[in-house]
Each structure stands twice: as structure tokens, then as C-alpha cells.
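See structure below.
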Amino acid sequence: MDRINVKDRSIDHRLGTVDIVLTDRHGAPLGDAAVRVRQTRHAFDFGCAGFFFERIANGQGTEADDRLAEDWLGLFNTATLSFYWGQFEPERGHPRTASRMACATWLRDRGVKLKGHPLTWHTEQPKWLTNLPLYEIESELRHRIRREVTDFASVVDMWDALNESVIAPVFTAEENGITKLTWAKGRIEMIRLSVEEARRANPKAFLLLNDFNLSSAYECLIEGCLEAGITLDAIGLQTHMHQGYLGEEYVSSVLDRFARYGLPLHMTENTLVSGHLMPPEIVDLNDYQVESWPSTPEGEARQADEIVRHYRTIVSHPAAENITYWDFADAEAWLGAPAGFIRADGTRKPSYDALHDLIKGQWWISETETRTDGAGAFGLCGFAGEYEIDVLGDDGRVACTIPFSLSRRERGVRTFTVA
């Protein structure tokens, strides 16, 4: 029996291996039938921030944006969209729902899974919220969560329910209402508020707790939430590596530590630069301000190597279900860092091709033709995800197309009836 195989067999826990049997409507095997098999999606979320799509979806995109979109869609299947409250509702009672919905719908219609970031955060808050009395801040926050989760239900169902809780009550860089409310209620009760309001608005919502603080303080907070009966769907872990790649050993140890809670792990904000590294003495990355931070040939070679190592480390860990890169292009990267896969002039860096070779090469089954054996069967070993089988007629035309899902560690026989 012929078998179609994914190129990289080293990540066995991500693969499914099945014998596919095709029969006619009477149950007779379709022996020696020509078939064409292709993968259409990974089960794993390969994500990236997708803020720039809003310009395209609302008719404000440029030719450069269109090229960015083509490159982005050629690599990723999951987008994080901005729901920073201060930007989303700068004027009280006037949220920018229509513009964000146009963006979300545009991406959904192209098969992209979406996450909203975030529902509650002490940064990027609307100025009108800051000096309200605490009871009114809480009321507005509850209303904001219910509104966004309800309005975007079935389009955006995955949310960072609360972002960077560890630092929230002691954040001093800017005055804001969320820090005041967190100081009064406590971290765990703020998380409960965000999670429970979101679940009431959309019982199907998939909710994360997300943080850059990967110390024991975050572990204690997660344990406190679980002991308090707060139901989380995943744990978000940020790795903005502007000061250098943290290394496989460190990343693996982080994944091991947080995997013990039995929840899926999402690597939510990953950054590797292709220029000089931020000095190690910088504590708050926001404090590093430079006039120019160019991408360099040496930095680009380093970034490409580190991207492959980082993604392999995460995909190799059985608890990981998502990697989201931050950000796609240098032109809009956080802190002005050369952190994207696309240079400021719109051209691809080596890191784009290196990651593409993994996601759409070694971990992907491109369209492949084979023939069934006398029992109507052929084999498939592929990365868990969505697939399609075209059954070809004698003239080479597609007689029918059969979609199917392949699960992680699946083994066995799948039988499909060809109408």
C-alpha cells in the first residue's frame, strides 16, 4: 500500500497515521483509483498579530498592505486582533465595533481563526475611565467585556481574558482605572470578574490568562485561580526576546513548569530581533528608546536560525497548542524593533522562508497524487489538521472531494464512501 508521509517524522505526538479506504455506495472497494490529497489546515494554531488587516478590510489598505496580507496568509492560520480598550473606545459610549468587525469578518472568511487581545489590561486604557469612582470603573469594565464578547460571538471566540495580572495592582508607569480596581479587588477577583463576565456573554468563549512574568509569581496566581474555582481554558506565556534568544533549555523548562496545571499552553507573544540586541540591563523593555534599530544581514541570519529552534522546541512539547508571533513586519513592530519577518521595504527576511519551510514544508502535506490498492486503500501519515481527498475520474477530472480531519496520535482505518 502506498503511503503519503509528512516530511518531518520527529514530532510523533503531532502526527496521525491512518489507512484510508474508499468504497462505492454499495461498499465495494475502489481499487486502483487515482486520488489527490492535500492538507488545508494545521490543528495547531500558528498565529501572528494581525492588526494591519483592519486597513485592508475597511478599504484603506495600500499595495504594500496587500503584499503583506499575501505573505501573512501564506504562513499563518490564526490572528490576534487588537481590542485595547483605550483605542477601541477612546470616547465613552462610542466603541469602534464596526471597523473591528469588518477586519474580523474579512479574516474569518479566509479561514483564519481569531483571538481578541485583551478584555482586561491595566495599559492602553481610555482616559475617561481613570478618575471615575471605583464602582463605576467596575461597572464600565463589566459592560465592556459583555459588549465585546457578545458582539463578536462566533467571529472572535478566543480571548485573552486578562493580560499581565501579576504586575497589574502595582503598575506605576501611568495612572489608570484598572490598576486602581485591581488594588481594591485583588488579582484573583479581577480574573474571576473578567472570566465570568465573558462566559456569561458567550458560553463557548475560549479564555486565556496571559502574562510576560513567567516566574513563580505567575504560577502562584494560576494556582490561586484554580483553587478559587475559576475555569481557564489555556495559559498564555509571553516571550519577547528583544535581549536575545532564551534558548531551547529555558523554553522547555517554562513549558514543563506550566504544563503541570493540565491546561493547554499558548505561546502568545514571541519576538526575536534581526538587528542588534537590546542591552541586558534594561528591565522594562519599553524604556529602550533609540532613533534607529535597523535589521542587519548578521542579525537576519541569527533570527532565522533562532526562529526554527524556537518553533521546533514549542511544537515538540505536547502541552503547547499555539504559537503567536509579535509582529509580522518591521514597519509596525513593537518598540520599533526589527522583529518582523518582513523588512521595512516590504521584502522577506530569511526568517520568513525558514519558518515557511517548517510550517508549509516539513510539517505540511502539499497536494500529492497516489492510487488506491486493490482493497481501495492508501496510507497517510500527517500533521494533525484538516485534509481533502480528490477522487479523480478516468479523464483526470475531480469526481468528488472528501474533507476529513486527522487527529493527533490517531491510528487506524478511515473508510469513506464515494458517491
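Ligands are numbered from 1 in the order shown, residues from 1 within each chain, and chains are lettered A, B, ... in the order they appear in the C-alpha cells.
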What's the 10 Å shell around segment 49-56 of chain A, counting only C-alpha atoms, without same-chain residues fewer than 5 positions away, as a ChimeraX atom specification? /A:61-63,65-66,68-69,72,76,78-83,99-104,106-107,114-115,117,268-269,324-329,332-333
Do you know which residues are at most 7 Å from segment 341-347 of chain A counting only C-alpha atoms, after dropping those on the same chain fewer than 4 positions away, and could you put them as a list in words?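 The residues satisfying every condition are Ala64, Phe328, Ala329, Asp330, Ala331, Ser351 and Tyr352 of chain A.
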Take the residues just selected and output them with all heavy atoms as a PDB file, in the first residue's frame.
```pdb
ATOM      1  N   ALA A  64       1.207  47.895  -0.650  1.00  0.00           N
ATOM      2  CA  ALA A  64       2.140  47.266   0.296  1.00  0.00           C
ATOM      3  C   ALA A  64       1.382  46.415   1.307  1.00  0.00           C
ATOM      4  O   ALA A  64       1.832  45.321   1.684  1.00  0.00           O
ATOM      5  CB  ALA A  64       2.973  48.336   1.005  1.00  0.00           C
ATOM      6  N   PHE A 328       4.518  40.895  12.564  1.00  0.00           N
ATOM      7  CA  PHE A 328       4.838  40.323  11.263  1.00  0.00           C
ATOM      8  C   PHE A 328       5.864  41.143  10.491  1.00  0.00           C
ATOM      9  O   PHE A 328       6.760  40.593   9.866  1.00  0.00           O
ATOM     10  CB  PHE A 328       3.558  40.174  10.446  1.00  0.00           C
ATOM     11  CG  PHE A 328       3.763  39.478   9.131  1.00  0.00           C
ATOM     12  CD1 PHE A 328       4.282  38.193   9.082  1.00  0.00           C
ATOM     13  CD2 PHE A 328       3.444  40.109   7.936  1.00  0.00           C
ATOM     14  CE1 PHE A 328       4.484  37.544   7.878  1.00  0.00           C
ATOM     15  CE2 PHE A 328       3.641  39.466   6.721  1.00  0.00           C
ATOM     16  CZ  PHE A 328       4.159  38.184   6.689  1.00  0.00           C
ATOM     17  N   ALA A 329       5.735  42.471  10.517  1.00  0.00           N
ATOM     18  CA  ALA A 329       6.584  43.329   9.693  1.00  0.00           C
ATOM     19  C   ALA A 329       7.291  44.372  10.546  1.00  0.00           C
ATOM     20  O   ALA A 329       6.728  44.900  11.512  1.00  0.00           O
ATOM     21  CB  ALA A 329       5.746  44.015   8.609  1.00  0.00           C
ATOM     22  N   ASP A 330       8.518  44.696  10.153  1.00  0.00           N
ATOM     23  CA  ASP A 330       9.291  45.689  10.897  1.00  0.00           C
ATOM     24  C   ASP A 330       8.601  47.049  10.946  1.00  0.00           C
ATOM     25  O   ASP A 330       8.740  47.785  11.927  1.00  0.00           O
ATOM     26  CB  ASP A 330      10.669  45.872  10.251  1.00  0.00           C
ATOM     27  CG  ASP A 330      11.612  44.713  10.527  1.00  0.00           C
ATOM     28  OD1 ASP A 330      11.224  43.787  11.265  1.00  0.00           O
ATOM     29  OD2 ASP A 330      12.741  44.734   9.996  1.00  0.00           O
ATOM     30  N   ALA A 331       7.864  47.376   9.899  1.00  0.00           N
ATOM     31  CA  ALA A 331       7.261  48.706   9.802  1.00  0.00           C
ATOM     32  C   ALA A 331       6.309  49.002  10.953  1.00  0.00           C
ATOM     33  O   ALA A 331       6.087  50.167  11.282  1.00  0.00           O
ATOM     34  CB  ALA A 331       6.534  48.854   8.465  1.00  0.00           C
ATOM     35  N   SER A 351      14.148  34.665   7.811  1.00  0.00           N
ATOM     36  CA  SER A 351      13.305  34.018   8.826  1.00  0.00           C
ATOM     37  C   SER A 351      11.951  33.628   8.266  1.00  0.00           C
ATOM     38  O   SER A 351      11.369  32.616   8.697  1.00  0.00           O
ATOM     39  CB  SER A 351      13.121  34.948  10.030  1.00  0.00           C
ATOM     40  OG  SER A 351      12.577  36.202   9.639  1.00  0.00           O
ATOM     41  N   TYR A 352      11.424  34.413   7.326  1.00  0.00           N
ATOM     42  CA  TYR A 352      10.139  34.045   6.712  1.00  0.00           C
ATOM     43  C   TYR A 352      10.283  32.709   5.988  1.00  0.00           C
ATOM     44  O   TYR A 352       9.474  31.790   6.171  1.00  0.00           O
ATOM     45  CB  TYR A 352       9.677  35.126   5.736  1.00  0.00           C
ATOM     46  CG  TYR A 352       8.332  34.812   5.093  1.00  0.00           C
ATOM     47  CD1 TYR A 352       7.156  35.355   5.595  1.00  0.00           C
ATOM     48  CD2 TYR A 352       8.239  33.939   4.006  1.00  0.00           C
ATOM     49  CE1 TYR A 352       5.919  35.046   5.036  1.00  0.00           C
ATOM     50  CE2 TYR A 352       7.015  33.623   3.436  1.00  0.00           C
ATOM     51  CZ  TYR A 352       5.856  34.179   3.951  1.00  0.00           C
ATOM     52  OH  TYR A 352       4.624  33.853   3.389  1.00  0.00           O
TER      53      TYR A 352
END
```
Segment 75-316 of chain A: residues DSSP assigns to helix (DSSP H, G or I), reported as a count of residues only: 111
If you count only C-alpha atoms, which residues fall within 10 Å of Gly74 of chain A, apart from same-chain ones fewer than 6 positions away, as a PDB file with C-alpha atoms, in the first residue's frame?
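The resulting selection-v9.pdb:
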```pdb
ATOM      1  CA  LEU A  68       1.839  41.913   3.439  1.00  0.00           C
ATOM      2  CA  HIS A 356       7.652  28.673   5.879  1.00  0.00           C
ATOM      3  CA  ILE A 359       5.028  25.139   8.672  1.00  0.00           C
ATOM      4  CA  LYS A 360       4.236  24.651   4.986  1.00  0.00           C
TER       5      LYS A 360
END
```
Run DSSP on the backbone and tell me which residues of segment 10-253 of chain A come out as strand (DSSP E); list them as a ChimeraX atom specification. /A:15-23,34-42,45-49,78-82,113-117,158-163,206-211,234-241
Looking at only C-alpha atoms, which of A:Arg3, A:Arg14, A:Arg144, A:His240 is the one that sits closest to Pro318 of chain A?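 Of A:Arg3, A:Arg14, A:Arg144, A:His240, the one nearest Pro318 of chain A, counting only C-alpha atoms, is A:Arg14.
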Separation of atom CA of Arg260 of chain A from atom CA of Cys220 of chain A in Å: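 So the answer is 12.6 Å.
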Which is closest to Pro133 of chain A among A:Gly177, A:Gly412, A:Gly111, A:Pro90, if we use only C-alpha atoms?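 Smallest separation from Pro133 of chain A among the options: A:Gly177.
Coordinates place atom CA of Arg142 of chain A at a distance of 17.6 Å from atom CA of Phe206 of chain A.
Proximity to Leu129 of chain A at 12 Å, evaluated using only C-alpha atoms and with sequence-adjacent residues fewer than 4 positions away removed, yields Trp85, Gly86, Glu89, Pro90, Glu91, Arg92, Gly93, His122, Thr123, Glu124, Gln125, Pro133, Leu134, Tyr135, Glu136, Ile137, Glu138, Ser139, Glu140, Leu141, Arg144, Glu175, Asn176, Gly177, Ile178, Thr179, Lys180 and Leu181 of chain A.
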Write out as number ranges by chain which residues come within 9 Å of His310 of chain A when counting only C-alpha atoms, dropping same-chain ones fewer than 2 positions away. A: 245-248, 251, 305-308, 312-315
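The space separating atom CA of Glu281 of chain A from atom CA of Ala173 of chain A comes to 18.4 Å.
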Within 7 Å of Gly16 of chain A, counting only C-alpha atoms, which residues qualify if same-chain residues fewer than 5 places away don't, as a list in words? Cys381, Gly382, Phe383, Ala384, Leu406, Ser407, Arg408, Arg409, Glu410 and Arg411 of chain A
Quick one: residues within 10 Å of Arg414 of chain A, only C-alpha atoms, excluding same-chain residues fewer than 2 positions away - as a list in words?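 Here the qualifying residues turn out to be Val18, Asp19, Ile20, Val21, Leu22, Ala377, Gly379, Phe404, Leu406, Arg411, Gly412 and Phe416 of chain A.
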